[in-house]
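A.B. asks: I have a structure here, written as structure tokens, and I will follow up with some questions on it.
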Amino acid sequence: MFLKNHWYVAGYDHEITQRPLGRIILGQPVVFYRLQDGTPVALEDRCAHRHLPLSMGKLIGDSLQCHYHGLRYDRNGVCVRVPGQDLIPRSARVKSYPVVERYRWLWIWMGDPAVADPDKIPDYHWFADPNWGAKGEYLHVEANWQLIVDNLLDLTHLAFVHETTIGNAALVDQAMVKVQRSHDSVTVTRWIIDAPAPPTFVKAGRFTANVDRWQVIDFAPPAFLRLDVGATPTGTGAPQGKRVDGIEMWNLNAITPETESTSHYFWGQAHNWDVENPSTTDMLIEQIRTAFLEDVAVFEAQQRNLELIPNPPQTDINADSGVIAARRILDRLHQEEKAAAKMVAAE
Amino acid sequence: MKFHVELVWKHGDEREVSSIFLTPDGRIILQGRAVPREQREALSLPLEGDMVSVDRDLIQAIKDML
């Protein structure tokens, strides 16, 4: 089941061109393309006539022509031409979806268009901010989206899944983790005070002594996770909010359900040093991609087990507190959406 | 130092209520203020044992986070 009345990332802006792109979002086939003036459009990817994906067709001017029998649709999904007849049946139309281009992503609203408010798009300004070096990536994951959300809210798996890349045992044995829950967000924070900087931090921040490090994970429903990571020289006030002479990175994640068992995983990395040097960005992306592929192997193995044994009982441990808090928010939002749909149906 | 988790319920952007601590030995420890003898007498509360006064919002945190 999916939360529909939310914005989701549908793709990178450069993916949307005048060549139609088909993508499944929340279990629905959607076709994306651009009008001649560059405006992005999203329509149901199914001809109203014989159901061929419209993404197999082509644009004629600003109309999307079906590859099968040549029916043409406008940007609103209304059929504007049927070859061989003047009368266009009123039923010849497909759904259109609100879309917004922001932060180099194309965002789509799959729910009630009347409540699609672009102000509710979460902040990912780092991708478009000249004060940051940033780059985005995409992974197709053969697993339910919530498994990815769980993973990103959990710091302790780093010691095991990423044992040979970015993890260490101290993350589990000696960590103090703070989980802050508000009505619609969860923040998981961990500080490491007065400790040696890891080699990658020394290289990037040119630290010569111990540092104060932070890892702050921010979750916003349904599946937006922004990880604020960095270090400053010890005692310069970072825990009090004063970040000077240090380095900061944001690991930016937006997960869009494709189906119940597959996900579009949009992620990227931003850094505040050497911002105009693409090789620094590429080096960070490369390191993180290696770690993320270790995670993907975990998600996909979990998914295979969950398909063999649906809804098995599971055990929670202290380290799951952030995950549990996020799931509670999602459960509440599901209930609210269900109740709202019931009311609409009753009317 | 051992692994522990601090749970905090946050109201809006500013107000944080007192915390719940999950400790590695399996205990759940609540943050609050001890209730002194004179208050217990004034409020007709039992005088024996330790008592702690907690923020009302901590109950919300317990309901939503445990």
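Letters for chains follow the order of the structure tokens (A, B, ...), residue numbers begin at 1 for each chain, and ligand numbers begin at 1 in the order shown.
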May I have the residues within 10 Å of A:Arg327 as a VMD selection string, using only C-alpha atoms and disregarding those fewer than 6 positions away in the same chain?
C.D. replies: chain A and resid 146 149 to 150 221 to 222 321 333
A.B. asks: Output C-alpha atoms of each residue in that selection to a file, as a compact mmCIF listing (two decimals), in the first residue's frame.
C.D. replies:
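So the final result, stored in result-v1.txt, reads:
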# COMPACT_ATOMS: atom_id res chain seq x y z
CA GLN A 146 10.36 0.69 3.59
CA VAL A 149 13.99 3.73 4.85
CA ASP A 150 14.68 1.36 7.77
CA PRO A 221 7.55 10.93 5.28
CA PRO A 222 7.02 9.05 3.16
CA SER A 321 14.11 3.26 17.90
CA LEU A 333 -0.51 8.67 7.63
A.B. asks: Could you write out as number ranges by chain the residues of chain A within 12 Å of chain B, counting only C-alpha atoms?
C.D. replies: A: 154-156, 169-190, 192, 316-329, 331-332
A.B. asks: So that I can see what lies close to A:Arg90, please list as a ChimeraX atom specification the residues with an atom at most 12 Å from it, counting only C-alpha atoms and leaving out residues fewer than 3 positions away in the same chain.
C.D. replies: /A:48-49,77-82,87,93-94
A.B. asks: For the residues in the current selection, export N, CA and C atoms as a PDB file, in the first residue's frame.
C.D. replies:
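Below is the file result.pdb, written as the result:
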ATOM      1  N   ALA A  48      -5.983   4.878 -23.978  1.00  0.00           N
ATOM      2  CA  ALA A  48      -7.370   4.577 -23.584  1.00  0.00           C
ATOM      3  C   ALA A  48      -8.038   3.616 -24.570  1.00  0.00           C
ATOM      4  N   HIS A  49      -7.443   3.451 -25.741  1.00  0.00           N
ATOM      5  CA  HIS A  49      -8.028   2.589 -26.779  1.00  0.00           C
ATOM      6  C   HIS A  49      -7.714   1.111 -26.531  1.00  0.00           C
ATOM      7  N   GLY A  77      -3.952  14.857 -21.043  1.00  0.00           N
ATOM      8  CA  GLY A  77      -4.373  13.466 -21.187  1.00  0.00           C
ATOM      9  C   GLY A  77      -5.639  13.304 -21.989  1.00  0.00           C
ATOM     10  N   VAL A  78      -6.086  14.379 -22.633  1.00  0.00           N
ATOM     11  CA  VAL A  78      -7.314  14.311 -23.433  1.00  0.00           C
ATOM     12  C   VAL A  78      -6.951  13.934 -24.869  1.00  0.00           C
ATOM     13  N   CYS A  79      -7.673  12.965 -25.434  1.00  0.00           N
ATOM     14  CA  CYS A  79      -7.414  12.562 -26.810  1.00  0.00           C
ATOM     15  C   CYS A  79      -7.866  13.682 -27.750  1.00  0.00           C
ATOM     16  N   VAL A  80      -6.979  14.086 -28.640  1.00  0.00           N
ATOM     17  CA  VAL A  80      -7.305  15.198 -29.536  1.00  0.00           C
ATOM     18  C   VAL A  80      -7.371  14.750 -31.004  1.00  0.00           C
ATOM     19  N   ARG A  81      -7.025  13.492 -31.260  1.00  0.00           N
ATOM     20  CA  ARG A  81      -7.119  13.014 -32.646  1.00  0.00           C
ATOM     21  C   ARG A  81      -7.284  11.500 -32.663  1.00  0.00           C
ATOM     22  N   VAL A  82      -8.275  11.048 -33.458  1.00  0.00           N
ATOM     23  CA  VAL A  82      -8.432   9.607 -33.700  1.00  0.00           C
ATOM     24  C   VAL A  82      -8.324   9.416 -35.214  1.00  0.00           C
ATOM     25  N   LEU A  87     -15.153  12.126 -34.918  1.00  0.00           N
ATOM     26  CA  LEU A  87     -15.696  12.116 -33.560  1.00  0.00           C
ATOM     27  C   LEU A  87     -14.671  11.512 -32.593  1.00  0.00           C
ATOM     28  N   ARG A  93      -9.537   9.421 -22.860  1.00  0.00           N
ATOM     29  CA  ARG A  93      -8.630  10.275 -22.085  1.00  0.00           C
ATOM     30  C   ARG A  93      -7.912   9.429 -21.054  1.00  0.00           C
ATOM     31  N   VAL A  94      -6.758   9.901 -20.646  1.00  0.00           N
ATOM     32  CA  VAL A  94      -5.983   9.214 -19.605  1.00  0.00           C
ATOM     33  C   VAL A  94      -5.676  10.219 -18.499  1.00  0.00           C
TER      34      VAL A  94
END
A.B. asks: Write out as a VMD selection string the set of residues from stretch 215-331 of chain A that DSSP, computed on the backbone, places in strand (DSSP E).
C.D. replies: chain A and resid 215 to 220 224 to 233 247 to 259 262 to 271
A.B. asks: Write the selection just made, keeping N, CA and C atoms, as a short mmCIF file (atom, residue, chain, number, x, y, z; two decimals), in the first residue's frame?
C.D. replies:
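Once written, part-v1.cif looks like this:
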data_model
loop_
_atom_site.label_atom_id
_atom_site.label_comp_id
_atom_site.auth_asym_id
_atom_site.auth_seq_id
_atom_site.Cartn_x
_atom_site.Cartn_y
_atom_site.Cartn_z
N GLN A 215 26.63 12.94 13.17
CA GLN A 215 25.85 12.21 12.16
C GLN A 215 24.40 12.48 12.54
N VAL A 216 23.71 13.22 11.71
CA VAL A 216 22.31 13.56 12.01
C VAL A 216 21.45 13.08 10.85
N ILE A 217 20.52 12.19 11.15
CA ILE A 217 19.65 11.65 10.11
C ILE A 217 18.28 12.27 10.28
N ASP A 218 17.80 12.88 9.22
CA ASP A 218 16.48 13.51 9.27
C ASP A 218 15.53 12.73 8.37
N PHE A 219 14.43 12.29 8.93
CA PHE A 219 13.42 11.55 8.14
C PHE A 219 12.17 12.39 8.01
N ALA A 220 11.69 12.51 6.78
CA ALA A 220 10.38 13.13 6.54
C ALA A 220 9.58 12.15 5.68
N PHE A 224 11.87 10.36 2.66
CA PHE A 224 12.94 11.33 2.41
C PHE A 224 13.90 11.30 3.58
N LEU A 225 15.16 11.03 3.30
CA LEU A 225 16.16 10.96 4.36
C LEU A 225 17.37 11.79 3.98
N ARG A 226 17.66 12.75 4.86
CA ARG A 226 18.79 13.63 4.62
C ARG A 226 19.77 13.43 5.77
N LEU A 227 20.99 13.03 5.43
CA LEU A 227 21.99 12.73 6.46
C LEU A 227 23.04 13.84 6.48
N ASP A 228 23.13 14.50 7.60
CA ASP A 228 24.06 15.60 7.81
C ASP A 228 25.27 15.03 8.56
N VAL A 229 26.42 15.06 7.90
CA VAL A 229 27.61 14.42 8.48
C VAL A 229 28.77 15.41 8.40
N GLY A 230 29.59 15.48 9.45
CA GLY A 230 30.73 16.38 9.36
C GLY A 230 31.58 16.37 10.60
N ALA A 231 32.58 17.26 10.60
CA ALA A 231 33.49 17.36 11.73
C ALA A 231 34.08 18.75 11.80
N THR A 232 34.38 19.19 13.03
CA THR A 232 35.11 20.45 13.24
C THR A 232 36.17 20.18 14.31
N PRO A 233 37.21 21.02 14.40
CA PRO A 233 38.21 20.81 15.45
C PRO A 233 37.54 20.81 16.83
N ILE A 247 34.42 20.38 8.00
CA ILE A 247 33.85 19.92 6.73
C ILE A 247 32.43 19.43 7.00
N GLU A 248 31.58 19.62 6.01
CA GLU A 248 30.19 19.16 6.11
C GLU A 248 29.81 18.45 4.83
N MET A 249 29.04 17.39 5.01
CA MET A 249 28.52 16.64 3.86
C MET A 249 27.05 16.34 4.10
N TRP A 250 26.31 16.28 3.03
CA TRP A 250 24.91 15.83 3.13
C TRP A 250 24.75 14.64 2.21
N ASN A 251 24.26 13.57 2.76
CA ASN A 251 23.88 12.42 1.95
C ASN A 251 22.37 12.50 1.79
N LEU A 252 21.93 12.62 0.54
CA LEU A 252 20.54 12.99 0.26
C LEU A 252 19.81 11.83 -0.42
N ASN A 253 18.73 11.41 0.17
CA ASN A 253 18.03 10.22 -0.32
C ASN A 253 16.53 10.47 -0.50
N ALA A 254 16.01 10.00 -1.60
CA ALA A 254 14.56 10.06 -1.84
C ALA A 254 14.17 8.73 -2.48
N ILE A 255 13.32 7.99 -1.80
CA ILE A 255 12.94 6.68 -2.30
C ILE A 255 11.51 6.76 -2.80
N THR A 256 11.30 6.29 -4.01
CA THR A 256 9.97 6.28 -4.62
C THR A 256 9.55 4.85 -4.87
N PRO A 257 8.44 4.41 -4.27
CA PRO A 257 8.01 3.04 -4.55
C PRO A 257 7.70 2.86 -6.03
N GLU A 258 8.20 1.78 -6.59
CA GLU A 258 7.84 1.44 -7.97
C GLU A 258 6.64 0.48 -7.90
N THR A 259 6.85 -0.62 -7.21
CA THR A 259 5.78 -1.57 -6.92
C THR A 259 5.92 -1.92 -5.43
N THR A 262 9.52 -3.40 -5.45
CA THR A 262 10.66 -2.75 -6.13
C THR A 262 10.60 -1.25 -5.88
N SER A 263 11.78 -0.62 -5.94
CA SER A 263 11.85 0.82 -5.61
C SER A 263 12.81 1.56 -6.53
N HIS A 264 12.47 2.85 -6.71
CA HIS A 264 13.41 3.77 -7.36
C HIS A 264 14.16 4.47 -6.23
N TYR A 265 15.45 4.36 -6.24
CA TYR A 265 16.24 4.94 -5.15
C TYR A 265 17.09 6.08 -5.74
N PHE A 266 16.64 7.31 -5.48
CA PHE A 266 17.38 8.49 -5.92
C PHE A 266 18.24 8.96 -4.75
N TRP A 267 19.51 9.12 -4.97
CA TRP A 267 20.37 9.57 -3.88
C TRP A 267 21.50 10.42 -4.43
N GLY A 268 22.13 11.15 -3.55
CA GLY A 268 23.24 11.98 -3.98
C GLY A 268 24.05 12.43 -2.79
N GLN A 269 25.12 13.16 -3.08
CA GLN A 269 26.02 13.60 -2.03
C GLN A 269 26.40 15.05 -2.30
N ALA A 270 26.42 15.84 -1.22
CA ALA A 270 26.86 17.24 -1.33
C ALA A 270 27.98 17.47 -0.33
N HIS A 271 28.92 18.35 -0.70
CA HIS A 271 30.05 18.63 0.21
C HIS A 271 30.37 20.11 0.13
#
A.B. asks: Mind checking which residues fall within 8 Å of A:Pro196, counting only C-alpha atoms, ignoring those fewer than 4 positions away in the same chain, and posting them as a list in words?
C.D. replies: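 That gives Ala209, Asn210 and Val211 of chain A.
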A.B. asks: Please produce an output containing C-alpha atoms for each residue in the selection, written as a PDB file, in the first residue's frame.
C.D. replies:
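Once everything was written out, this is part20.pdb:
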ATOM      1  CA  ALA A 209      44.198  17.221  15.965  1.00  0.00           C
ATOM      2  CA  ASN A 210      41.064  15.582  17.348  1.00  0.00           C
ATOM      3  CA  VAL A 211      37.643  16.547  16.060  1.00  0.00           C
TER       4      VAL A 211
END
A.B. asks: Rounded to one decimal place, report the atom CA of A:Val296-atom CA of A:Tyr138 distance in Å.
C.D. replies: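 Separation between atom CA of A:Val296 and atom CA of A:Tyr138: 12.0 Å.
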A.B. asks: Excluding A:His162 and residues on its chain fewer than 6 positions from it, collect all residues at most 12 Å away from it, counting only C-alpha atoms, and give them as a PyMOL selection string.
C.D. replies: chain A and resi 155-156+168-169+171+287-298
A.B. asks: How would the residues just chosen look if you wrote them out with N, CA and C atoms as a PDB file, in the first residue's frame?
C.D. replies:
ATOM      1  N   LEU A 155      21.961   3.408  12.302  1.00  0.00           N
ATOM      2  CA  LEU A 155      23.411   3.589  12.197  1.00  0.00           C
ATOM      3  C   LEU A 155      24.195   2.318  12.511  1.00  0.00           C
ATOM      4  N   THR A 156      23.575   1.401  13.242  1.00  0.00           N
ATOM      5  CA  THR A 156      24.377   0.298  13.769  1.00  0.00           C
ATOM      6  C   THR A 156      24.724  -0.759  12.714  1.00  0.00           C
ATOM      7  N   ASN A 168      32.647   0.633  11.606  1.00  0.00           N
ATOM      8  CA  ASN A 168      33.545   0.121  12.643  1.00  0.00           C
ATOM      9  C   ASN A 168      32.718  -0.276  13.860  1.00  0.00           C
ATOM     10  N   ALA A 169      33.274  -1.185  14.676  1.00  0.00           N
ATOM     11  CA  ALA A 169      32.513  -1.784  15.776  1.00  0.00           C
ATOM     12  C   ALA A 169      32.092  -0.761  16.824  1.00  0.00           C
ATOM     13  N   LEU A 171      30.696   1.858  16.494  1.00  0.00           N
ATOM     14  CA  LEU A 171      29.372   2.404  16.175  1.00  0.00           C
ATOM     15  C   LEU A 171      28.273   1.696  16.960  1.00  0.00           C
ATOM     16  N   GLN A 287      32.817   6.334  -3.351  1.00  0.00           N
ATOM     17  CA  GLN A 287      32.920   5.669  -2.027  1.00  0.00           C
ATOM     18  C   GLN A 287      31.541   5.275  -1.518  1.00  0.00           C
ATOM     19  N   ILE A 288      30.603   6.194  -1.659  1.00  0.00           N
ATOM     20  CA  ILE A 288      29.279   5.935  -1.087  1.00  0.00           C
ATOM     21  C   ILE A 288      28.524   4.913  -1.927  1.00  0.00           C
ATOM     22  N   ARG A 289      28.725   4.965  -3.249  1.00  0.00           N
ATOM     23  CA  ARG A 289      28.059   3.974  -4.094  1.00  0.00           C
ATOM     24  C   ARG A 289      28.500   2.565  -3.699  1.00  0.00           C
ATOM     25  N   THR A 290      29.791   2.403  -3.432  1.00  0.00           N
ATOM     26  CA  THR A 290      30.302   1.077  -3.020  1.00  0.00           C
ATOM     27  C   THR A 290      29.558   0.603  -1.766  1.00  0.00           C
ATOM     28  N   ALA A 291      29.399   1.521  -0.798  1.00  0.00           N
ATOM     29  CA  ALA A 291      28.695   1.152   0.446  1.00  0.00           C
ATOM     30  C   ALA A 291      27.219   0.884   0.167  1.00  0.00           C
ATOM     31  N   PHE A 292      26.603   1.712  -0.671  1.00  0.00           N
ATOM     32  CA  PHE A 292      25.169   1.545  -0.941  1.00  0.00           C
ATOM     33  C   PHE A 292      24.883   0.221  -1.670  1.00  0.00           C
ATOM     34  N   LEU A 293      25.812  -0.189  -2.505  1.00  0.00           N
ATOM     35  CA  LEU A 293      25.594  -1.474  -3.183  1.00  0.00           C
ATOM     36  C   LEU A 293      25.637  -2.628  -2.179  1.00  0.00           C
ATOM     37  N   GLU A 294      26.412  -2.446  -1.108  1.00  0.00           N
ATOM     38  CA  GLU A 294      26.390  -3.449  -0.022  1.00  0.00           C
ATOM     39  C   GLU A 294      25.008  -3.466   0.638  1.00  0.00           C
ATOM     40  N   ASP A 295      24.409  -2.277   0.777  1.00  0.00           N
ATOM     41  CA  ASP A 295      23.056  -2.196   1.349  1.00  0.00           C
ATOM     42  C   ASP A 295      22.026  -2.830   0.414  1.00  0.00           C
ATOM     43  N   VAL A 296      22.154  -2.549  -0.873  1.00  0.00           N
ATOM     44  CA  VAL A 296      21.172  -3.076  -1.839  1.00  0.00           C
ATOM     45  C   VAL A 296      21.144  -4.604  -1.787  1.00  0.00           C
ATOM     46  N   ALA A 297      22.321  -5.214  -1.642  1.00  0.00           N
ATOM     47  CA  ALA A 297      22.367  -6.684  -1.536  1.00  0.00           C
ATOM     48  C   ALA A 297      21.564  -7.147  -0.317  1.00  0.00           C
ATOM     49  N   VAL A 298      21.613  -6.352   0.764  1.00  0.00           N
ATOM     50  CA  VAL A 298      20.851  -6.694   1.976  1.00  0.00           C
ATOM     51  C   VAL A 298      19.349  -6.537   1.719  1.00  0.00           C
TER      52      VAL A 298
END
